[in-house]
Amino acid sequence: MFYRYLFLILLLNVGCSGRRLITLPPQPTNAPSGIAFYRQVTPLSLDDREDVALHQILDGNIPQFLRRFVPIHTRMTDSAGHTVRATYWVMPDYLSVGGNRDFARLPLTPMTAQQIADSLRCFLPTRKMVDDIYRQARVRPEPVPIYIYRDSALMFLNHHYIIEGQRQNRKGLIAGIKKDVVLSGKISRAGKTDRVAIYGWHRTNGQPIQPLYTGHVNRYVDYSHGIRLVYRKVRVNSRWMDYRDVLQHPVYRALLCDEEWCDFFRYGE
């Protein structure tokens with residue numbers, strides 16, 4: 001057991017490789033499908049459910065298609081009139097548990113999402129990044145709100161099946177199906193660090209149902225929340241930069257963030 005987890009730690013230290021592949025152990029042969037996972041966690045408390053989800057993800061029980069990230073391109077013009085171009089790489093769908101044919105999307109608290117992102121050398125997107133991802137997505141279904149049992153694990157699975165019915169096996173980057181858990185300076189500015197920032201769920205006209213919102217405590221999670229991982233290295237022109245350095249840069253931060261104060265608030269600290 002010790003050597004298994006030592007091997008896992010060594011893999012996670014590699015994180016997302018130069019080919020933007022998420023580095024995790026192969027999916028265990030006895031890993032539960034998405035529906036089997038939800039059957040297991042439905043009677044559990046929130047904390048227990050999150051613990052099971054965390055271990056399932058870090059043990060490699062995610063679809064193969066989520067391991068290869070896809071590029072998002074963005075650009076800006078600086079004060080001297082020069083064009084600055086950047087590319088970052090994102091998970092093509094929201095974090096899920098299970099295999100390619102039997103997966104289910106997995107809403108999580110921001111603390112668990114942060115732990116997974118840190119382990120895989122990734123980060124959570126900003127509001128601007130969610131907009132950019134939506135504009136460049138190949139599959140953009142109309143959001144389907146649900147009004148009962150919103151925080152029920154069974155409703156998480158039900159919403160997944162609704163999305164799959166809309167997707168109709170179309171491949172490629174998908175967006176507009178969840179509210180993203182995002183990084184936002186709004187949490188730090190308000191002085192209430194026990195909050196979750198959510199944004200998105202775009203309609204097909206490009207307008208989000210959910211404006212940037214930090215009213216929920218960070219232990220709240222419902223069916224509409226989604227976790228999209230982003231590789232932490234960003235290519236700015238021909239230079240590789242860590243996302244933190246980009247967000248702190250007086251000019252380049254506009255590539256990733258449209259807020260007055262861009263920061264890299266970490267959930268759970």
# chains A, B, ... in the order shown; residues from 1 in each chain; ligands from 1
$ select_by_dssp --residues "segment 12-219 of chain A" --states "alpha helix (DSSP H)" --output "PDB file with C-alpha atoms, in the first residue's frame"
ATOM      1  CA  LEU A  12       1.242  13.780  -9.298  1.00  0.00           C
ATOM      2  CA  ASN A  13       4.466  15.748  -8.981  1.00  0.00           C
ATOM      3  CA  VAL A  14       4.725  15.517 -12.762  1.00  0.00           C
ATOM      4  CA  GLY A  34     -20.470   6.949 -12.698  1.00  0.00           C
ATOM      5  CA  ILE A  35     -23.820   5.487 -11.681  1.00  0.00           C
ATOM      6  CA  ALA A  36     -22.175   3.013  -9.287  1.00  0.00           C
ATOM      7  CA  PHE A  37     -20.284   5.877  -7.672  1.00  0.00           C
ATOM      8  CA  TYR A  38     -23.507   7.791  -7.093  1.00  0.00           C
ATOM      9  CA  ARG A  39     -25.206   4.723  -5.669  1.00  0.00           C
ATOM     10  CA  GLN A  40     -22.331   4.485  -3.204  1.00  0.00           C
ATOM     11  CA  VAL A  41     -22.304   8.119  -2.095  1.00  0.00           C
ATOM     12  CA  LEU A  46     -21.280  15.742   2.373  1.00  0.00           C
ATOM     13  CA  ASP A  47     -17.855  15.257   3.974  1.00  0.00           C
ATOM     14  CA  ASP A  48     -17.851  11.512   3.348  1.00  0.00           C
ATOM     15  CA  ARG A  49     -19.057  11.957  -0.218  1.00  0.00           C
ATOM     16  CA  GLU A  50     -16.305  14.470  -0.938  1.00  0.00           C
ATOM     17  CA  ASP A  51     -13.699  12.158   0.579  1.00  0.00           C
ATOM     18  CA  VAL A  52     -14.797   9.268  -1.634  1.00  0.00           C
ATOM     19  CA  ALA A  53     -14.810  11.548  -4.686  1.00  0.00           C
ATOM     20  CA  LEU A  54     -11.328  12.857  -3.938  1.00  0.00           C
ATOM     21  CA  HIS A  55      -9.859   9.375  -3.654  1.00  0.00           C
ATOM     22  CA  GLN A  56     -11.654   8.148  -6.770  1.00  0.00           C
ATOM     23  CA  ILE A  57     -10.193  10.982  -8.840  1.00  0.00           C
ATOM     24  CA  LEU A  58      -6.652  10.748  -7.485  1.00  0.00           C
ATOM     25  CA  PRO A 110     -14.319  24.344  -3.882  1.00  0.00           C
ATOM     26  CA  MET A 111     -12.026  22.946  -1.177  1.00  0.00           C
ATOM     27  CA  THR A 112     -12.011  19.482  -2.723  1.00  0.00           C
ATOM     28  CA  ALA A 113     -11.703  20.998  -6.203  1.00  0.00           C
ATOM     29  CA  GLN A 114      -8.722  23.060  -5.042  1.00  0.00           C
ATOM     30  CA  GLN A 115      -7.055  19.983  -3.561  1.00  0.00           C
ATOM     31  CA  ILE A 116      -7.443  18.081  -6.820  1.00  0.00           C
ATOM     32  CA  ALA A 117      -6.214  21.029  -8.885  1.00  0.00           C
ATOM     33  CA  ASP A 118      -3.154  21.475  -6.674  1.00  0.00           C
ATOM     34  CA  SER A 119      -2.355  17.763  -6.836  1.00  0.00           C
ATOM     35  CA  ARG A 127     -14.772  34.547 -14.986  1.00  0.00           C
ATOM     36  CA  LYS A 128     -13.041  35.802 -18.149  1.00  0.00           C
ATOM     37  CA  MET A 129     -11.645  32.362 -18.846  1.00  0.00           C
ATOM     38  CA  VAL A 130     -15.107  30.808 -18.549  1.00  0.00           C
ATOM     39  CA  ASP A 131     -16.345  33.262 -21.199  1.00  0.00           C
ATOM     40  CA  ASP A 132     -13.385  32.497 -23.469  1.00  0.00           C
ATOM     41  CA  ILE A 133     -13.901  28.758 -23.072  1.00  0.00           C
ATOM     42  CA  TYR A 134     -17.576  29.102 -23.958  1.00  0.00           C
ATOM     43  CA  ARG A 135     -16.854  31.112 -27.098  1.00  0.00           C
ATOM     44  CA  GLN A 136     -14.363  28.499 -28.313  1.00  0.00           C
ATOM     45  CA  ALA A 153     -26.442  13.439  -5.138  1.00  0.00           C
ATOM     46  CA  LEU A 154     -29.225  11.758  -7.097  1.00  0.00           C
ATOM     47  CA  MET A 155     -30.013  15.100  -8.733  1.00  0.00           C
ATOM     48  CA  PHE A 156     -26.305  15.468  -9.635  1.00  0.00           C
ATOM     49  CA  LEU A 157     -26.619  12.227 -11.603  1.00  0.00           C
ATOM     50  CA  ASN A 158     -29.982  13.188 -13.080  1.00  0.00           C
ATOM     51  CA  HIS A 159     -28.557  16.447 -14.383  1.00  0.00           C
ATOM     52  CA  HIS A 160     -25.640  14.556 -15.924  1.00  0.00           C
ATOM     53  CA  TYR A 161     -28.074  12.394 -17.897  1.00  0.00           C
ATOM     54  CA  ILE A 162     -29.975  15.484 -19.054  1.00  0.00           C
ATOM     55  CA  ILE A 163     -26.717  16.915 -20.420  1.00  0.00           C
ATOM     56  CA  GLU A 164     -25.853  13.638 -22.119  1.00  0.00           C
ATOM     57  CA  GLY A 165     -29.250  13.634 -23.804  1.00  0.00           C
ATOM     58  CA  GLN A 166     -28.504  17.109 -25.146  1.00  0.00           C
ATOM     59  CA  ARG A 167     -24.934  16.281 -26.157  1.00  0.00           C
ATOM     60  CA  GLY A 185     -10.779  38.572  -6.082  1.00  0.00           C
ATOM     61  CA  LYS A 186     -14.334  39.299  -4.972  1.00  0.00           C
ATOM     62  CA  ILE A 187     -13.949  36.750  -2.163  1.00  0.00           C
ATOM     63  CA  SER A 188     -10.787  38.355  -0.820  1.00  0.00           C
ATOM     64  CA  ARG A 189     -12.155  41.885  -1.138  1.00  0.00           C
ATOM     65  CA  ALA A 190     -15.281  41.003   0.834  1.00  0.00           C
TER      66      ALA A 190
END
$ select_by_dssp --residues "segment 40-248 of chain A" --states "strand (DSSP E or B)" --output "PyMOL selection string"
chain A and resi 68+70-77+83-90+96-97+104-105+122-123+139+174+179-181+195+198-202+208-213+217+225-226+230-231+233-236+239-242
$ write_last_selection --atoms "N, CA and C atoms" --output "short mmCIF file (atom, residue, chain, number, x, y, z; two decimals), in the first residue's frame"
data_model
loop_
_atom_site.label_atom_id
_atom_site.label_comp_id
_atom_site.auth_asym_id
_atom_site.auth_seq_id
_atom_site.Cartn_x
_atom_site.Cartn_y
_atom_site.Cartn_z
N ARG A 68 -6.63 14.50 -21.61
CA ARG A 68 -5.97 15.32 -22.63
C ARG A 68 -6.64 16.69 -22.68
N VAL A 70 -7.29 20.69 -23.86
CA VAL A 70 -7.41 21.34 -25.17
C VAL A 70 -7.03 22.82 -25.05
N PRO A 71 -6.49 23.41 -26.12
CA PRO A 71 -6.02 24.80 -26.04
C PRO A 71 -7.14 25.82 -26.16
N ILE A 72 -6.99 26.90 -25.39
CA ILE A 72 -7.85 28.08 -25.50
C ILE A 72 -6.94 29.26 -25.83
N HIS A 73 -7.29 30.00 -26.86
CA HIS A 73 -6.45 31.10 -27.32
C HIS A 73 -7.10 32.44 -26.94
N THR A 74 -6.27 33.36 -26.50
CA THR A 74 -6.76 34.68 -26.14
C THR A 74 -5.69 35.71 -26.50
N ARG A 75 -6.08 36.96 -26.59
CA ARG A 75 -5.11 38.01 -26.91
C ARG A 75 -5.60 39.33 -26.37
N MET A 76 -4.69 40.28 -26.29
CA MET A 76 -4.99 41.62 -25.83
C MET A 76 -4.05 42.60 -26.51
N THR A 77 -4.35 43.88 -26.43
CA THR A 77 -3.48 44.93 -26.95
C THR A 77 -2.99 45.77 -25.79
N THR A 83 0.15 43.63 -29.80
CA THR A 83 -0.74 42.50 -29.52
C THR A 83 0.00 41.45 -28.71
N VAL A 84 -0.60 41.04 -27.62
CA VAL A 84 -0.05 39.98 -26.78
C VAL A 84 -0.99 38.78 -26.90
N ARG A 85 -0.43 37.65 -27.29
CA ARG A 85 -1.22 36.44 -27.46
C ARG A 85 -0.88 35.42 -26.39
N ALA A 86 -1.87 34.67 -25.97
CA ALA A 86 -1.64 33.65 -24.95
C ALA A 86 -2.47 32.42 -25.27
N THR A 87 -1.98 31.28 -24.81
CA THR A 87 -2.70 30.02 -24.92
C THR A 87 -2.63 29.31 -23.58
N TYR A 88 -3.76 28.83 -23.12
CA TYR A 88 -3.78 27.97 -21.93
C TYR A 88 -4.60 26.73 -22.28
N TRP A 89 -4.44 25.69 -21.47
CA TRP A 89 -5.04 24.39 -21.78
C TRP A 89 -6.03 23.99 -20.70
N VAL A 90 -7.20 23.53 -21.13
CA VAL A 90 -8.29 23.24 -20.19
C VAL A 90 -8.82 21.83 -20.39
N SER A 96 -15.20 14.50 -13.93
CA SER A 96 -16.16 13.40 -13.88
C SER A 96 -15.49 12.17 -13.29
N VAL A 97 -16.32 11.23 -12.88
CA VAL A 97 -15.84 9.95 -12.36
C VAL A 97 -16.38 8.85 -13.27
N ALA A 104 -19.81 10.03 -15.10
CA ALA A 104 -20.82 10.97 -14.61
C ALA A 104 -20.10 12.21 -14.09
N ARG A 105 -20.62 13.37 -14.42
CA ARG A 105 -20.01 14.63 -13.98
C ARG A 105 -20.17 14.78 -12.47
N CYS A 122 -2.66 22.08 -11.60
CA CYS A 122 -3.65 22.80 -12.37
C CYS A 122 -4.26 23.90 -11.50
N PHE A 123 -5.21 24.65 -12.06
CA PHE A 123 -5.92 25.66 -11.29
C PHE A 123 -7.34 25.79 -11.82
N VAL A 139 -19.32 22.30 -28.51
CA VAL A 139 -20.64 21.82 -28.11
C VAL A 139 -21.18 22.76 -27.04
N ILE A 174 -16.83 21.13 -24.53
CA ILE A 174 -18.23 21.43 -24.22
C ILE A 174 -18.29 22.50 -23.15
N LYS A 179 -22.44 25.88 -13.97
CA LYS A 179 -21.85 27.08 -13.38
C LYS A 179 -20.45 26.71 -12.90
N ASP A 180 -19.45 27.40 -13.40
CA ASP A 180 -18.08 27.08 -12.99
C ASP A 180 -17.79 27.58 -11.58
N VAL A 181 -17.08 26.78 -10.81
CA VAL A 181 -16.44 27.27 -9.59
C VAL A 181 -15.18 28.01 -10.07
N ARG A 195 -16.49 31.46 1.37
CA ARG A 195 -17.47 31.55 0.29
C ARG A 195 -16.96 30.82 -0.94
N ILE A 198 -19.04 31.40 -8.04
CA ILE A 198 -19.56 30.66 -9.19
C ILE A 198 -19.93 31.63 -10.29
N TYR A 199 -19.84 31.13 -11.53
CA TYR A 199 -20.14 31.99 -12.68
C TYR A 199 -20.39 31.12 -13.90
N GLY A 200 -21.30 31.59 -14.78
CA GLY A 200 -21.44 30.95 -16.07
C GLY A 200 -22.81 30.37 -16.35
N TRP A 201 -22.81 29.12 -16.89
CA TRP A 201 -24.03 28.47 -17.34
C TRP A 201 -24.65 29.29 -18.46
N HIS A 202 -23.90 29.43 -19.55
CA HIS A 202 -24.28 30.31 -20.64
C HIS A 202 -25.43 29.75 -21.46
N PRO A 208 -24.60 34.49 -19.73
CA PRO A 208 -24.63 33.54 -18.62
C PRO A 208 -25.89 33.71 -17.76
N ILE A 209 -26.44 32.60 -17.33
CA ILE A 209 -27.54 32.64 -16.36
C ILE A 209 -27.02 33.15 -15.02
N GLN A 210 -25.82 32.71 -14.65
CA GLN A 210 -25.27 33.03 -13.34
C GLN A 210 -24.19 34.10 -13.44
N PRO A 211 -24.47 35.34 -13.00
CA PRO A 211 -23.40 36.33 -12.89
C PRO A 211 -22.43 35.91 -11.78
N LEU A 212 -21.30 36.55 -11.70
CA LEU A 212 -20.35 36.21 -10.65
C LEU A 212 -21.03 36.38 -9.30
N TYR A 213 -21.01 35.31 -8.50
CA TYR A 213 -21.78 35.29 -7.24
C TYR A 213 -20.95 34.63 -6.15
N VAL A 217 -21.98 29.80 1.05
CA VAL A 217 -20.82 29.35 1.82
C VAL A 217 -20.12 28.26 1.02
N HIS A 225 -23.21 23.06 -10.28
CA HIS A 225 -21.80 23.45 -10.16
C HIS A 225 -20.92 22.49 -10.95
N GLY A 226 -19.89 23.04 -11.58
CA GLY A 226 -18.96 22.22 -12.34
C GLY A 226 -17.52 22.61 -12.05
N VAL A 230 -7.61 23.67 -15.27
CA VAL A 230 -6.78 24.37 -16.25
C VAL A 230 -5.32 24.10 -15.92
N TYR A 231 -4.53 23.73 -16.92
CA TYR A 231 -3.11 23.51 -16.73
C TYR A 231 -2.46 24.82 -16.26
N LYS A 233 0.47 26.16 -16.44
CA LYS A 233 1.42 26.89 -17.28
C LYS A 233 0.69 27.52 -18.46
N VAL A 234 0.93 28.82 -18.67
CA VAL A 234 0.30 29.58 -19.74
C VAL A 234 1.39 30.04 -20.70
N ARG A 235 1.15 29.90 -21.99
CA ARG A 235 2.11 30.36 -22.98
C ARG A 235 1.74 31.77 -23.42
N VAL A 236 2.54 32.74 -23.02
CA VAL A 236 2.31 34.15 -23.35
C VAL A 236 3.33 34.54 -24.41
N ARG A 239 6.65 32.65 -24.43
CA ARG A 239 7.19 32.43 -23.10
C ARG A 239 6.21 31.66 -22.24
N TRP A 240 6.71 30.64 -21.53
CA TRP A 240 5.88 29.91 -20.58
C TRP A 240 5.89 30.61 -19.24
N MET A 241 4.69 30.81 -18.68
CA MET A 241 4.56 31.48 -17.39
C MET A 241 3.61 30.70 -16.51
N ASP A 242 3.85 30.72 -15.21
CA ASP A 242 2.90 30.17 -14.26
C ASP A 242 1.69 31.10 -14.19
#
$ atom_distance --atom1 "atom CA of Met91 of chain A" --atom2 "atom CA of Pro145 of chain A"
23.1 Å
$ closest_residue --among "A:Ile177, A:Leu229, A:Leu44, A:Leu124" --to "Ala197 of chain A" --atoms "only C-alpha atoms"
A:Leu124
$ atom_distance --atom1 "atom CA of Leu120 of chain A" --atom2 "atom CA of Asp59 of chain A"
12.0 Å
$ closest_residue --among "A:Asn100, A:Thr126, A:Ser238, A:Thr214" --to "Arg253 of chain A" --atoms "only C-alpha atoms"
A:Thr126
$ residues_around --residues "Val251 of chain A" --least-positions-apart "3" --cutoff "10 Å" --atoms "only C-alpha atoms" --output "PyMOL selection string"
chain A and resi 76-79+84+246-248+254-255
$ write_last_selection --atoms "N, CA and C atoms" --output "mmCIF file, in the first residue's frame"
data_model
loop_
_atom_site.group_PDB
_atom_site.id
_atom_site.type_symbol
_atom_site.label_atom_id
_atom_site.label_comp_id
_atom_site.auth_asym_id
_atom_site.auth_seq_id
_atom_site.Cartn_x
_atom_site.Cartn_y
_atom_site.Cartn_z
ATOM 1 N N MET A 76 -4.687 40.278 -26.291
ATOM 2 C CA MET A 76 -4.993 41.623 -25.827
ATOM 3 C C MET A 76 -4.051 42.598 -26.509
ATOM 4 N N THR A 77 -4.348 43.882 -26.428
ATOM 5 C CA THR A 77 -3.476 44.928 -26.952
ATOM 6 C C THR A 77 -2.989 45.769 -25.788
ATOM 7 N N ASP A 78 -1.669 45.910 -25.656
ATOM 8 C CA ASP A 78 -1.129 46.683 -24.540
ATOM 9 C C ASP A 78 -1.172 48.178 -24.843
ATOM 10 N N SER A 79 -0.702 48.990 -23.914
ATOM 11 C CA SER A 79 -0.795 50.447 -24.047
ATOM 12 C C SER A 79 0.025 50.994 -25.203
ATOM 13 N N VAL A 84 -0.597 41.041 -27.617
ATOM 14 C CA VAL A 84 -0.051 39.975 -26.775
ATOM 15 C C VAL A 84 -0.992 38.780 -26.897
ATOM 16 N N VAL A 246 1.130 35.344 -14.269
ATOM 17 C CA VAL A 246 0.296 36.059 -15.233
ATOM 18 C C VAL A 246 -0.720 36.937 -14.513
ATOM 19 N N LEU A 247 -1.385 36.398 -13.497
ATOM 20 C CA LEU A 247 -2.402 37.158 -12.772
ATOM 21 C C LEU A 247 -1.808 38.336 -12.005
ATOM 22 N N GLN A 248 -0.549 38.236 -11.625
ATOM 23 C CA GLN A 248 0.099 39.322 -10.894
ATOM 24 C C GLN A 248 0.742 40.344 -11.818
ATOM 25 N N ALA A 254 -4.667 40.829 -17.828
ATOM 26 C CA ALA A 254 -5.891 41.008 -18.610
ATOM 27 C C ALA A 254 -6.139 39.853 -19.576
ATOM 28 N N LEU A 255 -5.130 39.014 -19.811
ATOM 29 C CA LEU A 255 -5.322 37.833 -20.639
ATOM 30 C C LEU A 255 -6.216 36.798 -19.960
#
$ atom_distance --atom1 "atom CA of Asp151 of chain A" --atom2 "atom CA of Ala137 of chain A"
27.2 Å
